[in-house]
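A.B. asks: First, the structure itself, so that you have it in front of you.
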Amino acid sequence: MMCSSVVMGAKMERTWALARVSALATLIGLIFSALVSTLALAQSNDVITITEGNVEPSPIAITDFIGPDGQASEIGREIAGIISDDLEGSGLFRPLSQAAFFNPPQDASVAPDFADWRPIGADALLIGSAYYNAENMIEVEFYLWDVLRGELIAAGSGSVSEIGKRRISHQIADVVYKKWTGDDGYFDTRIVYVAESGPPEKRIKRLAIMDQDGHNHIFLTDGGSLVLTPRFSQEVQEIAYLNYFNDNPNVYLLDIQSAKSELLGSFPGMSFAPRFSYDGKSLIMSLARSGVTNIFVMDLSTRQTKQLTNTPFIDTSPSFSPDDQQIVFNSDRSGSQQLYVMNRDGSNVRRISRGKGRYATPVWSPRGDIVAFTKMYKGEFYIGVMNSDGSGERLLAKGFLVEGPTWAPNGRVLMYFKQNPTNSDGSGGESYLYRIDITGFNERRIITPEGASDPAWSPFLP
């Protein structure tokens, strides 16, 4: 029986592109903060220490979703498997082997006998149903239970077409992640990146997009011209990217839903695509004019640009804070590449990086508290994070060439790419995508059909 202290009345509603799912949910004081132990960053005596987080994942039992007959359905197995892969991939959950399940439920809506689940060490239990209705739509229902307390944490139901089965699975995984950790999930998102193929001297680079787990992969450009540094808008499903045609960098805007592209303009001297402001109304960029690189902002409604910095140095790689009131960028105005923050109008410039080496490609976290960056020191590349005032620098990953950090929309996970060195015979040099938790644990490679670089993480899908 469901504990009488559980109040099931509040409704969570979220519009999905392929279905509308209403989830009844009550948060019952069970928000677990990830228990993270990190190593301090040590840079004395030219020693660079990589922060290595240590998280004990929460054991969770995920049963195959059942059909109307109470038995596991084929589509139910598939949905449960996708949810399990999402949660395990986060590093915060440890799905238990179904071989240990003593008495799987035959009615998802009935409270389970927790005595069947506590002996196998399950902290949480996810059960559900999934089957095709008369209209060939997939009916899905799920229940998330706290096994130790014997309480219901979240429940929801909805229907989707065949093409939406992966997406509804990601959204259920997001609910589990949110209710168990207190942080938003990141599974119902996509990654746009540059797909790379061919020999180093004749590299083909195409724009590609996929779900965050690598599925539903699509090439967006044909490789006829070089593309670089795609950037997602935080407000709409739109991408800005560089397209080199006749050696001229052109900025295009691509609408993901309609697949329509628009030429924003040609910008000689531009080496990075512009980044969107968080409200989606502006683009911020670096432009080289007369041998000098400064930072400009463009109003997307008028296409008018305004210059924000005016120095004889190289100011580049700007990124807005989530409230759009501050900008982080890198500049060599102090003699080497360092990170700086300024107000939106270009005033109050202050340096924030103070460690050894050079810093580049800063990106502000969606949470607003920290900045991710690329660092170069003694022939090595690093991905790191620091507080927005420059304190608390931690390095999370390193390699021959590691750069291009991009944030998951929950601000907890980073993605970037690593490139291997090229061999003397011209082979090698492959690039691959990786992701890692900001505490420095659970680095994982993201599998792509070809080599990959320049990732950009989408906001949550509408």
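Ordered as shown in the structure tokens, chains take letters A, B, and onward, while each chain numbers its residues from 1 and ligands are numbered from 1 in the order shown.
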Please list as an mmCIF file with C-alpha atoms, in the first residue's frame every residue within 7 Å of stretch 340-351 of chain A, counting only C-alpha atoms and excluding residues in the same chain fewer than 2 positions away.

C.D. replies:
data_model
loop_
_atom_site.group_PDB
_atom_site.id
_atom_site.type_symbol
_atom_site.label_atom_id
_atom_site.label_comp_id
_atom_site.auth_asym_id
_atom_site.auth_seq_id
_atom_site.Cartn_x
_atom_site.Cartn_y
_atom_site.Cartn_z
ATOM 1 C CA LEU A 308 32.496 46.372 -27.159
ATOM 2 C CA THR A 309 36.309 46.320 -26.918
ATOM 3 C CA GLN A 325 24.678 41.042 -18.193
ATOM 4 C CA GLN A 326 28.327 39.936 -18.292
ATOM 5 C CA ILE A 327 30.700 38.553 -20.907
ATOM 6 C CA VAL A 328 33.719 36.305 -20.453
ATOM 7 C CA PHE A 329 36.408 36.286 -23.160
ATOM 8 C CA ASN A 330 40.110 35.654 -23.663
ATOM 9 C CA GLN A 338 44.133 34.962 -20.243
ATOM 10 C CA SER A 353 42.570 33.658 -14.719
#

A.B. asks: Give me, as a PyMOL selection string, all polymer residues having an atom no more than 10 Å from stretch 215-218 of chain A, counting only C-alpha atoms and skipping those fewer than 4 positions away in the same chain.

C.D. replies: chain A and resi 166+190-192+207-211+447-449

A.B. asks: Would you put the residues from that selection into a file with C-alpha atoms, as a PDB file, in the first residue's frame?

C.D. replies:
ATOM      1  CA  ARG A 166      13.493   7.102 -27.473  1.00  0.00           C
ATOM      2  CA  ARG A 190      20.802  16.941 -28.656  1.00  0.00           C
ATOM      3  CA  ILE A 191      24.391  17.571 -29.690  1.00  0.00           C
ATOM      4  CA  VAL A 192      25.462  19.358 -32.857  1.00  0.00           C
ATOM      5  CA  LEU A 207      27.749  19.575 -39.641  1.00  0.00           C
ATOM      6  CA  ALA A 208      25.966  16.722 -37.826  1.00  0.00           C
ATOM      7  CA  ILE A 209      23.394  16.391 -35.069  1.00  0.00           C
ATOM      8  CA  MET A 210      22.406  13.523 -32.764  1.00  0.00           C
ATOM      9  CA  ASP A 211      20.684  12.802 -29.471  1.00  0.00           C
ATOM     10  CA  ILE A 447      30.493   7.213 -30.138  1.00  0.00           C
ATOM     11  CA  THR A 448      29.999   8.891 -33.532  1.00  0.00           C
ATOM     12  CA  PRO A 449      30.050   7.433 -37.076  1.00  0.00           C
TER      13      PRO A 449
END

A.B. asks: Near stretch 268-277 of chain A, counting only C-alpha atoms, which residues have an atom at most 8 Å away, once you skip same-chain residues fewer than 6 positions from it, shown as a list in words?

C.D. replies: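 Close residues of stretch 268-277 of chain A: Leu228, Thr229, Pro230, Arg231, Phe232, Ser233, Gln234, Ala240, Tyr241, Leu242, Asn248, Pro249, Val251, Leu283, Ile284, Met285, Ser286, Leu287, Ala288, Arg289, Ser317, Pro318, Ser319, Phe320, Pro322 and Asp324 of chain A.
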
A.B. asks: Using the selection just defined, write its residues with N, CA and C atoms as a tab-separated table (two decimals), in the first residue's frame.

C.D. replies:
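again22.tsv written:
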chain	number	residue	atom	x	y	z
A	228	LEU	N	32.68	25.00	-39.27
A	228	LEU	CA	33.36	25.04	-37.97
A	228	LEU	C	32.42	25.59	-36.90
A	229	THR	N	32.73	25.25	-35.66
A	229	THR	CA	32.20	25.85	-34.42
A	229	THR	C	30.71	26.14	-34.42
A	230	PRO	N	29.86	25.12	-34.50
A	230	PRO	CA	28.42	25.37	-34.36
A	230	PRO	C	28.07	25.81	-32.94
A	231	ARG	N	27.07	26.67	-32.83
A	231	ARG	CA	26.61	27.17	-31.51
A	231	ARG	C	25.09	27.10	-31.45
A	232	PHE	N	24.56	26.54	-30.37
A	232	PHE	CA	23.11	26.46	-30.18
A	232	PHE	C	22.57	27.73	-29.54
A	233	SER	N	21.40	28.16	-29.98
A	233	SER	CA	20.64	29.17	-29.26
A	233	SER	C	20.02	28.52	-28.03
A	234	GLN	N	19.94	29.26	-26.94
A	234	GLN	CA	19.33	28.74	-25.72
A	234	GLN	C	17.82	28.91	-25.70
A	240	ALA	N	24.02	28.65	-34.99
A	240	ALA	CA	24.91	29.52	-35.76
A	240	ALA	C	26.20	28.75	-36.01
A	241	TYR	N	26.75	28.86	-37.23
A	241	TYR	CA	28.00	28.16	-37.52
A	241	TYR	C	28.76	28.89	-38.62
A	242	LEU	N	30.06	28.60	-38.69
A	242	LEU	CA	30.92	29.16	-39.73
A	242	LEU	C	30.96	28.22	-40.93
A	248	ASN	N	36.43	32.47	-47.49
A	248	ASN	CA	35.77	33.53	-46.73
A	248	ASN	C	34.87	32.91	-45.67
A	249	PRO	N	34.99	33.36	-44.41
A	249	PRO	CA	34.12	32.82	-43.36
A	249	PRO	C	32.74	33.47	-43.40
A	251	VAL	N	28.79	33.33	-41.83
A	251	VAL	CA	28.01	32.86	-40.69
A	251	VAL	C	26.60	32.53	-41.17
A	283	LEU	N	23.85	38.11	-30.91
A	283	LEU	CA	25.01	37.27	-31.16
A	283	LEU	C	26.24	38.05	-30.77
A	284	ILE	N	27.16	37.38	-30.06
A	284	ILE	CA	28.41	38.03	-29.70
A	284	ILE	C	29.54	37.35	-30.45
A	285	MET	N	30.50	38.15	-30.94
A	285	MET	CA	31.51	37.61	-31.85
A	285	MET	C	32.80	38.40	-31.73
A	286	SER	N	33.87	37.81	-32.26
A	286	SER	CA	35.14	38.52	-32.39
A	286	SER	C	35.42	38.73	-33.86
A	287	LEU	N	35.84	39.93	-34.23
A	287	LEU	CA	36.12	40.29	-35.62
A	287	LEU	C	37.49	40.91	-35.73
A	288	ALA	N	38.24	40.48	-36.73
A	288	ALA	CA	39.56	41.06	-37.00
A	288	ALA	C	39.42	42.13	-38.07
A	289	ARG	N	39.80	43.34	-37.74
A	289	ARG	CA	39.75	44.45	-38.67
A	289	ARG	C	41.06	45.21	-38.60
A	317	SER	N	36.72	34.90	-28.49
A	317	SER	CA	35.98	33.82	-27.81
A	317	SER	C	35.04	34.33	-26.72
A	318	PRO	N	34.19	35.29	-27.01
A	318	PRO	CA	33.29	35.80	-25.97
A	318	PRO	C	32.12	34.87	-25.70
A	319	SER	N	31.61	34.91	-24.48
A	319	SER	CA	30.46	34.10	-24.07
A	319	SER	C	29.66	34.86	-23.02
A	320	PHE	N	28.35	34.94	-23.20
A	320	PHE	CA	27.48	35.64	-22.26
A	320	PHE	C	27.27	34.83	-20.98
A	322	PRO	N	24.48	33.73	-18.02
A	322	PRO	CA	23.07	33.36	-18.21
A	322	PRO	C	22.09	34.52	-18.09
A	324	ASP	N	22.80	37.45	-19.21
A	324	ASP	CA	23.18	38.30	-20.35
A	324	ASP	C	23.76	39.64	-19.92

A.B. asks: Name the residues in contact with stretch 139-141 of chain A at a cut-off of 8 Å, using only C-alpha atoms, excluding same-chain residues fewer than 3 positions from it; report them as a compact mmCIF listing (two decimals) with C-alpha atoms, in the first residue's frame.

C.D. replies:
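Result file is around30.txt:
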# COMPACT_ATOMS: atom_id res chain seq x y z
CA ALA A 108 2.67 -1.19 -12.51
CA GLY A 128 6.10 0.88 -15.61
CA SER A 129 4.01 -0.31 -18.51
CA ALA A 130 4.39 0.16 -22.26
CA TYR A 131 2.26 -1.26 -25.05
CA TYR A 132 0.66 -0.39 -28.39
CA ASN A 133 -2.96 0.77 -28.30
CA ALA A 155 4.65 8.97 -11.54
CA GLY A 156 3.58 9.84 -15.05
CA SER A 157 1.88 8.64 -18.19
CA GLY A 158 1.59 9.54 -21.85
CA SER A 159 1.43 8.24 -25.40
CA VAL A 160 3.80 8.62 -28.32

A.B. asks: Using DSSP secondary structure from the backbone, list all strand (DSSP E or B) positions within stretch 164-383 of chain A, as number ranges by chain.

C.D. replies: A: 190-197, 204-211, 218-219, 226-232, 238-245, 248-255, 261-266, 275-276, 282-289, 292-299, 304-307, 314-320, 326-331, 338-343, 350-351, 358-364, 370-377, 380-383

A.B. asks: Considering only C-alpha atoms, can you say which of A:Asn250, A:Ile153, A:Gly411, A:Phe381 comes closest to A:Asp183?

C.D. replies: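 Selected residue with least distance to A:Asp183: A:Gly411.
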
A.B. asks: How many Å separate atom CA of A:Asp116 from atom CA of A:Phe101?

C.D. replies: 7.8 Å

A.B. asks: Would you pick out the contacts of A:Pro199 at 12 Å or less, using only C-alpha atoms, so that residues sharing its chain but fewer than 2 positions from it are not included, and give the list as number ranges by chain?

C.D. replies: A: 196-197, 201-205, 422-423, 425-430, 451

A.B. asks: In Å, rounded to a single decimal, give me how far atom CA of A:Pro421 is from atom CA of A:Met376.

C.D. replies: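 Computing it gives 15.5 Å between the two atoms.
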
A.B. asks: Pick out the residues sitting within 8 Å of A:Gly185, and hand them over as number ranges by chain; count only C-alpha atoms, and ignore anything fewer than 2 positions along from it in its own chain.

C.D. replies: A: 173-175, 177-178, 183, 187-188, 410

A.B. asks: Mind dumping the selected residues with C-alpha atoms as a PDB file, in the first residue's frame?

C.D. replies:
ATOM      1  CA  ALA A 173      15.128   9.341 -17.214  1.00  0.00           C
ATOM      2  CA  ASP A 174      15.160  13.119 -16.673  1.00  0.00           C
ATOM      3  CA  VAL A 175      12.329  12.801 -14.136  1.00  0.00           C
ATOM      4  CA  TYR A 177      17.435  12.119 -12.298  1.00  0.00           C
ATOM      5  CA  LYS A 178      15.653  15.256 -11.064  1.00  0.00           C
ATOM      6  CA  ASP A 183      19.425  18.568 -10.275  1.00  0.00           C
ATOM      7  CA  PHE A 187      18.870  13.366 -21.417  1.00  0.00           C
ATOM      8  CA  ASP A 188      16.179  15.023 -23.534  1.00  0.00           C
ATOM      9  CA  ASN A 410      21.789  21.461 -16.225  1.00  0.00           C
TER      10      ASN A 410
END

A.B. asks: Just give me the gap between atom CA of A:Leu253 and atom CA of A:Asp299 in Å, one decimal is fine.

C.D. replies: 13.9 Å

A.B. asks: From the set A:Gly76, A:Gly265, A:Pro362, A:Gly89, which residue has the shortest atom-to-atom contact distance to A:Ser321, counting only C-alpha atoms?

C.D. replies: A:Pro362

A.B. asks: Measuring atom to atom with only C-alpha atoms, identify which of A:Glu380, A:Glu238, A:Trp145, A:Ile79 is nearest to A:Glu162.

C.D. replies: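 Result for the nearest residue to A:Glu162: A:Ile79.
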
A.B. asks: With distances taken over only C-alpha atoms, which residue among A:Ser58, A:Ser424, A:Ser73, A:Thr316 lies nearest A:Val292?

C.D. replies: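 The closest residue to A:Val292 is A:Thr316.
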